[in-house]
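Remarks on the structure that follows.
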Amino acid sequence: MTLNNQPIQFCLAGANGKMGREVIKALPSWRGIQLVSAVGLRSAGKNLQELLGKSAPSLIISSNLKDALQNTHAKILLDLTEPSSAFKNALSAIELHVAPLIGTSGLQSSELKELELASQRSGIPVMVIPNFSIGANLGLEFSQLASKWLPNVEIIEIHHEQKQDAPSGTAIETAKVIHASRTQPSNIPETKYVKISGSRGGKYLDVPIHSIRLNGVLAQQIVLFGGLGETLEIKHTAIDRSTYMGGIELSLRSILSKKGMSVGLQSILEK
């Protein structure tokens, strides 16, 4: 799909990061989607082809986001940087009438609110997708359904050792939908003797979350429900970053038809 028979043109922030490289690798299979500029502080001044081979677009990586947006016809900013950068980048994009598609978790609630207000004032759509994996988002839907019948639940999320935030954005969003969908509260009693502080995890909206950071793993989430004489486990494992590319493509194709701010991939998958 293209926009008015024109390619969907986007700028990529975080072009030389692990996710950015995966996006560039996937580009040849995304018909009607065109990368027109790239931003990355550590690789500024280098050609994408120099870093990623001849299959990558011949683009010089910029260190200045506003220049990269102003000097091209980008309609979308796909931001795969860190939370501290993504928020500022999104505000800059909105000022330049470019729609931010933020693919990072860790934004604060106050930042999300400010982005929502900026979107409403400007009429520029904003999407915040903490997890682009279609499977992970289906797991979120399944957890929402299960929580109506099984109120006792704990979340275990495991990520690679370089992930900077905990709990993950997906775990927090899972806790939100569980809390909102419960028809009765959890009836698990508080642990009377906690011998090591934090050993029972942290709680978000009365849902315990356990975060593990470990090398040898990319991303995994287990949502464990307990019932009378049974347990239900909803588990998603990402073994390669290519798992996120389907969600990124869907988001790029959808964002310009949205209004206001959307959080999560569900608004696309439910169509």
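By convention here, the chains of the structure tokens are called A, B, ... in the order presented, each chain's residues are numbered starting at 1, and ligands are numbered starting at 1 in the order presented.
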
Can you check which parts of range 53-166 of chain A lie within 12 Å of range 179-196 of chain A? Per residue, the shortest pair of atoms and distance in Å to one decimal, counting only C-alpha atoms, sorted by chain and number, as a Markdown table.
```
| residue | atom | partner | partner_atom | distance |
| --- | --- | --- | --- | --- |
| A:Leu140 | CA | A:Ser181 | CA | 11.7 |
| A:Glu141 | CA | A:Ser181 | CA | 10.7 |
| A:Phe142 | CA | A:Ser181 | CA | 11.3 |
| A:Ser143 | CA | A:Ser181 | CA | 9.3 |
| A:Gln144 | CA | A:Ser181 | CA | 6.1 |
| A:Leu145 | CA | A:Ser181 | CA | 7.5 |
| A:Ala146 | CA | A:Arg182 | CA | 8.8 |
| A:Ser147 | CA | A:Arg182 | CA | 5.3 |
| A:Lys148 | CA | A:Arg182 | CA | 4.7 |
| A:Trp149 | CA | A:Thr183 | CA | 7.3 |
| A:Leu150 | CA | A:Arg182 | CA | 8.0 |
| A:Pro151 | CA | A:Ser186 | CA | 5.0 |
| A:Asn152 | CA | A:Ser186 | CA | 4.9 |
| A:Val153 | CA | A:Ser186 | CA | 7.6 |
| A:Glu154 | CA | A:Ser186 | CA | 10.2 |
```

Do you know which residues are at most 12 Å from Gly135 in chain A counting only C-alpha atoms, after dropping those on the same chain fewer than 2 positions away, and could you put them as a PyMOL selection string? chain A and resi 131-133+137-142+170+219-221+234-239+243-247+265-266+269

Tell me, as a PDB file with N, CA and C atoms, in the first residue's frame, which residues lie within 12 Å of range 53-63 of chain A, counting only C-alpha atoms; anything in the same chain fewer than 2 positions away does not count.
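What landed in result.pdb:
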```
ATOM      1  N   CYS A  11      11.983   8.512   7.807  1.00  0.00           N
ATOM      2  CA  CYS A  11      13.319   8.725   8.347  1.00  0.00           C
ATOM      3  C   CYS A  11      13.529   7.734   9.485  1.00  0.00           C
ATOM      4  N   LEU A  12      14.712   7.181   9.578  1.00  0.00           N
ATOM      5  CA  LEU A  12      15.031   6.195  10.612  1.00  0.00           C
ATOM      6  C   LEU A  12      16.030   6.771  11.594  1.00  0.00           C
ATOM      7  N   ALA A  13      15.628   6.911  12.845  1.00  0.00           N
ATOM      8  CA  ALA A  13      16.536   7.320  13.919  1.00  0.00           C
ATOM      9  C   ALA A  13      17.012   6.073  14.652  1.00  0.00           C
ATOM     10  N   GLY A  14      18.321   5.962  14.820  1.00  0.00           N
ATOM     11  CA  GLY A  14      18.885   4.743  15.368  1.00  0.00           C
ATOM     12  C   GLY A  14      19.253   3.777  14.264  1.00  0.00           C
ATOM     13  N   ALA A  15      19.711   4.325  13.129  1.00  0.00           N
ATOM     14  CA  ALA A  15      19.908   3.526  11.924  1.00  0.00           C
ATOM     15  C   ALA A  15      20.973   2.445  12.087  1.00  0.00           C
ATOM     16  N   ASN A  16      21.990   2.716  12.887  1.00  0.00           N
ATOM     17  CA  ASN A  16      23.076   1.741  13.023  1.00  0.00           C
ATOM     18  C   ASN A  16      22.964   0.906  14.289  1.00  0.00           C
ATOM     19  N   GLY A  20      17.733  -0.985  14.072  1.00  0.00           N
ATOM     20  CA  GLY A  20      17.835  -0.195  12.856  1.00  0.00           C
ATOM     21  C   GLY A  20      18.423  -0.996  11.713  1.00  0.00           C
ATOM     22  N   ARG A  21      19.458  -1.754  11.999  1.00  0.00           N
ATOM     23  CA  ARG A  21      20.070  -2.601  10.978  1.00  0.00           C
ATOM     24  C   ARG A  21      19.076  -3.644  10.464  1.00  0.00           C
ATOM     25  N   GLU A  22      18.263  -4.173  11.356  1.00  0.00           N
ATOM     26  CA  GLU A  22      17.276  -5.174  10.951  1.00  0.00           C
ATOM     27  C   GLU A  22      16.235  -4.556  10.026  1.00  0.00           C
ATOM     28  N   VAL A  23      15.828  -3.316  10.323  1.00  0.00           N
ATOM     29  CA  VAL A  23      14.871  -2.616   9.463  1.00  0.00           C
ATOM     30  C   VAL A  23      15.445  -2.444   8.059  1.00  0.00           C
ATOM     31  N   ILE A  24      16.686  -2.015   7.980  1.00  0.00           N
ATOM     32  CA  ILE A  24      17.310  -1.785   6.673  1.00  0.00           C
ATOM     33  C   ILE A  24      17.435  -3.104   5.901  1.00  0.00           C
ATOM     34  N   LYS A  25      17.698  -4.181   6.617  1.00  0.00           N
ATOM     35  CA  LYS A  25      17.759  -5.491   5.976  1.00  0.00           C
ATOM     36  C   LYS A  25      16.403  -5.899   5.395  1.00  0.00           C
ATOM     37  N   ALA A  26      15.325  -5.501   6.089  1.00  0.00           N
ATOM     38  CA  ALA A  26      13.977  -5.895   5.653  1.00  0.00           C
ATOM     39  C   ALA A  26      13.434  -5.011   4.535  1.00  0.00           C
ATOM     40  N   LEU A  27      14.005  -3.821   4.329  1.00  0.00           N
ATOM     41  CA  LEU A  27      13.468  -2.839   3.385  1.00  0.00           C
ATOM     42  C   LEU A  27      13.172  -3.380   1.989  1.00  0.00           C
ATOM     43  N   PRO A  28      14.043  -4.181   1.383  1.00  0.00           N
ATOM     44  CA  PRO A  28      13.764  -4.638   0.017  1.00  0.00           C
ATOM     45  C   PRO A  28      12.450  -5.409  -0.131  1.00  0.00           C
ATOM     46  N   SER A  29      11.957  -6.001   0.941  1.00  0.00           N
ATOM     47  CA  SER A  29      10.706  -6.768   0.857  1.00  0.00           C
ATOM     48  C   SER A  29       9.477  -5.924   1.173  1.00  0.00           C
ATOM     49  N   GLN A  34       9.756   3.596   1.520  1.00  0.00           N
ATOM     50  CA  GLN A  34      11.065   4.101   1.133  1.00  0.00           C
ATOM     51  C   GLN A  34      11.744   4.817   2.292  1.00  0.00           C
ATOM     52  N   LEU A  35      12.966   4.417   2.591  1.00  0.00           N
ATOM     53  CA  LEU A  35      13.791   5.116   3.579  1.00  0.00           C
ATOM     54  C   LEU A  35      14.468   6.293   2.879  1.00  0.00           C
ATOM     55  N   VAL A  36      14.205   7.519   3.348  1.00  0.00           N
ATOM     56  CA  VAL A  36      14.754   8.709   2.675  1.00  0.00           C
ATOM     57  C   VAL A  36      15.817   9.428   3.494  1.00  0.00           C
ATOM     58  N   SER A  37      15.930   9.120   4.767  1.00  0.00           N
ATOM     59  CA  SER A  37      16.990   9.716   5.591  1.00  0.00           C
ATOM     60  C   SER A  37      17.228   8.848   6.811  1.00  0.00           C
ATOM     61  N   ALA A  38      18.430   8.985   7.372  1.00  0.00           N
ATOM     62  CA  ALA A  38      18.817   8.172   8.521  1.00  0.00           C
ATOM     63  C   ALA A  38      19.598   9.027   9.506  1.00  0.00           C
ATOM     64  N   VAL A  39      19.399   8.742  10.794  1.00  0.00           N
ATOM     65  CA  VAL A  39      20.048   9.513  11.854  1.00  0.00           C
ATOM     66  C   VAL A  39      20.734   8.549  12.813  1.00  0.00           C
ATOM     67  N   GLY A  40      21.935   8.899  13.218  1.00  0.00           N
ATOM     68  CA  GLY A  40      22.656   8.087  14.190  1.00  0.00           C
ATOM     69  C   GLY A  40      23.914   8.805  14.634  1.00  0.00           C
ATOM     70  N   LEU A  41      24.059   9.027  15.917  1.00  0.00           N
ATOM     71  CA  LEU A  41      25.181   9.831  16.409  1.00  0.00           C
ATOM     72  C   LEU A  41      26.524   9.133  16.195  1.00  0.00           C
ATOM     73  N   ARG A  42      26.593   7.849  16.498  1.00  0.00           N
ATOM     74  CA  ARG A  42      27.882   7.157  16.438  1.00  0.00           C
ATOM     75  C   ARG A  42      28.364   6.921  15.013  1.00  0.00           C
ATOM     76  N   SER A  43      27.434   6.931  14.045  1.00  0.00           N
ATOM     77  CA  SER A  43      27.813   6.627  12.667  1.00  0.00           C
ATOM     78  C   SER A  43      27.617   7.818  11.744  1.00  0.00           C
ATOM     79  N   ALA A  44      27.462   8.995  12.293  1.00  0.00           N
ATOM     80  CA  ALA A  44      27.203  10.189  11.485  1.00  0.00           C
ATOM     81  C   ALA A  44      28.309  10.400  10.456  1.00  0.00           C
ATOM     82  N   GLY A  45      27.880  10.749   9.232  1.00  0.00           N
ATOM     83  CA  GLY A  45      28.820  11.002   8.153  1.00  0.00           C
ATOM     84  C   GLY A  45      29.127   9.788   7.308  1.00  0.00           C
ATOM     85  N   LYS A  46      28.738   8.616   7.747  1.00  0.00           N
ATOM     86  CA  LYS A  46      28.992   7.386   6.988  1.00  0.00           C
ATOM     87  C   LYS A  46      27.802   7.051   6.108  1.00  0.00           C
ATOM     88  N   ASN A  47      28.085   6.361   5.004  1.00  0.00           N
ATOM     89  CA  ASN A  47      27.028   5.898   4.113  1.00  0.00           C
ATOM     90  C   ASN A  47      26.481   4.569   4.635  1.00  0.00           C
ATOM     91  N   LEU A  48      25.163   4.409   4.576  1.00  0.00           N
ATOM     92  CA  LEU A  48      24.564   3.153   5.028  1.00  0.00           C
ATOM     93  C   LEU A  48      25.157   1.956   4.307  1.00  0.00           C
ATOM     94  N   GLN A  49      25.480   2.128   3.031  1.00  0.00           N
ATOM     95  CA  GLN A  49      26.051   1.010   2.280  1.00  0.00           C
ATOM     96  C   GLN A  49      27.433   0.634   2.799  1.00  0.00           C
ATOM     97  N   GLU A  50      28.159   1.624   3.298  1.00  0.00           N
ATOM     98  CA  GLU A  50      29.474   1.366   3.888  1.00  0.00           C
ATOM     99  C   GLU A  50      29.351   0.484   5.122  1.00  0.00           C
ATOM    100  N   LEU A  51      28.264   0.676   5.860  1.00  0.00           N
ATOM    101  CA  LEU A  51      28.066  -0.076   7.100  1.00  0.00           C
ATOM    102  C   LEU A  51      27.347  -1.400   6.878  1.00  0.00           C
ATOM    103  N   LEU A  65      18.732  15.495  13.676  1.00  0.00           N
ATOM    104  CA  LEU A  65      17.410  15.001  13.285  1.00  0.00           C
ATOM    105  C   LEU A  65      16.638  16.032  12.474  1.00  0.00           C
ATOM    106  N   LYS A  66      16.631  17.286  12.916  1.00  0.00           N
ATOM    107  CA  LYS A  66      15.844  18.302  12.209  1.00  0.00           C
ATOM    108  C   LYS A  66      16.321  18.479  10.776  1.00  0.00           C
ATOM    109  N   ASP A  67      17.643  18.461  10.576  1.00  0.00           N
ATOM    110  CA  ASP A  67      18.168  18.552   9.213  1.00  0.00           C
ATOM    111  C   ASP A  67      17.719  17.365   8.378  1.00  0.00           C
ATOM    112  N   ALA A  68      17.773  16.177   8.962  1.00  0.00           N
ATOM    113  CA  ALA A  68      17.389  14.963   8.234  1.00  0.00           C
ATOM    114  C   ALA A  68      15.924  14.995   7.826  1.00  0.00           C
ATOM    115  N   LEU A  69      15.076  15.598   8.670  1.00  0.00           N
ATOM    116  CA  LEU A  69      13.651  15.673   8.352  1.00  0.00           C
ATOM    117  C   LEU A  69      13.359  16.804   7.374  1.00  0.00           C
ATOM    118  N   GLN A  70      13.985  17.943   7.558  1.00  0.00           N
ATOM    119  CA  GLN A  70      13.722  19.108   6.715  1.00  0.00           C
ATOM    120  C   GLN A  70      14.249  18.940   5.298  1.00  0.00           C
ATOM    121  N   ASN A  71      15.338  18.203   5.126  1.00  0.00           N
ATOM    122  CA  ASN A  71      15.984  18.085   3.826  1.00  0.00           C
ATOM    123  C   ASN A  71      15.447  16.935   2.983  1.00  0.00           C
ATOM    124  N   THR A  72      14.436  16.250   3.474  1.00  0.00           N
ATOM    125  CA  THR A  72      13.843  15.135   2.728  1.00  0.00           C
ATOM    126  C   THR A  72      12.334  15.290   2.726  1.00  0.00           C
TER     127      THR A  72
END
```

Please identify all polymer residues within 8 Å of Lys259 in chain A, counting only C-alpha atoms, omitting same-chain residues fewer than 3 positions from it, and present them as a VMD selection string. chain A and resid 123 to 126

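Checking A:Asn64, A:Thr81, A:Ser251, A:Gln120 one by one against Phe10 in chain A, counting only C-alpha atoms, you find the shortest gap at A:Ser251.
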
Considering only C-alpha atoms, can you say which of A:Ser122, A:Ile222, A:Lys176, A:Gly229 comes closest to Asp206 in chain A?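 For Asp206 in chain A, the nearest of the candidates is A:Lys176.
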
Distance of CA of Leu52 in chain A from CA of Ala93 in chain A, expressed in Å to one decimal place: 25.9 Å

I'd like the neighbourhood of Asp79 in chain A as a PyMOL selection string, where a residue qualifies if any of its atoms comes within 8 Å (using only C-alpha atoms), though same-chain residues fewer than 4 positions away should be ignored. chain A and resi 12-14+86+89+100-104

Limited to N, CA and C atoms, could you put the picked residues into a file as a PDB file, in the first residue's frame?
```pdb
ATOM      1  N   LEU A  12      14.712   7.181   9.578  1.00  0.00           N
ATOM      2  CA  LEU A  12      15.031   6.195  10.612  1.00  0.00           C
ATOM      3  C   LEU A  12      16.030   6.771  11.594  1.00  0.00           C
ATOM      4  N   ALA A  13      15.628   6.911  12.845  1.00  0.00           N
ATOM      5  CA  ALA A  13      16.536   7.320  13.919  1.00  0.00           C
ATOM      6  C   ALA A  13      17.012   6.073  14.652  1.00  0.00           C
ATOM      7  N   GLY A  14      18.321   5.962  14.820  1.00  0.00           N
ATOM      8  CA  GLY A  14      18.885   4.743  15.368  1.00  0.00           C
ATOM      9  C   GLY A  14      19.253   3.777  14.264  1.00  0.00           C
ATOM     10  N   ALA A  86      14.035   9.485  22.312  1.00  0.00           N
ATOM     11  CA  ALA A  86      12.807   9.310  21.530  1.00  0.00           C
ATOM     12  C   ALA A  86      11.775  10.384  21.825  1.00  0.00           C
ATOM     13  N   ASN A  89      12.925  13.638  20.208  1.00  0.00           N
ATOM     14  CA  ASN A  89      12.839  13.480  18.753  1.00  0.00           C
ATOM     15  C   ASN A  89      11.394  13.585  18.274  1.00  0.00           C
ATOM     16  N   PRO A 100       5.569  10.849  14.344  1.00  0.00           N
ATOM     17  CA  PRO A 100       6.515   9.984  15.060  1.00  0.00           C
ATOM     18  C   PRO A 100       5.935   8.577  15.285  1.00  0.00           C
ATOM     19  N   LEU A 101       6.746   7.585  14.945  1.00  0.00           N
ATOM     20  CA  LEU A 101       6.447   6.187  15.238  1.00  0.00           C
ATOM     21  C   LEU A 101       7.552   5.711  16.169  1.00  0.00           C
ATOM     22  N   ILE A 102       7.231   5.626  17.459  1.00  0.00           N
ATOM     23  CA  ILE A 102       8.239   5.387  18.497  1.00  0.00           C
ATOM     24  C   ILE A 102       8.255   3.908  18.846  1.00  0.00           C
ATOM     25  N   GLY A 103       9.402   3.282  18.636  1.00  0.00           N
ATOM     26  CA  GLY A 103       9.518   1.848  18.901  1.00  0.00           C
ATOM     27  C   GLY A 103      10.416   1.568  20.075  1.00  0.00           C
ATOM     28  N   THR A 104      10.168   2.211  21.169  1.00  0.00           N
ATOM     29  CA  THR A 104      10.954   1.960  22.373  1.00  0.00           C
ATOM     30  C   THR A 104      10.041   1.999  23.585  1.00  0.00           C
TER      31      THR A 104
END
```

Among the residues A:Asn215, A:Ser119, A:Gln9, A:Gln108, the one that comes closest to Leu91 in chain A [using only C-alpha atoms]: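 Closest to Leu91 in chain A of all the choices is A:Ser119.
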
Pick from A:Pro167, A:Ala90, A:Leu107, A:Ile33: nearest to Gly201 in chain A, with only C-alpha atoms counted? A:Pro167
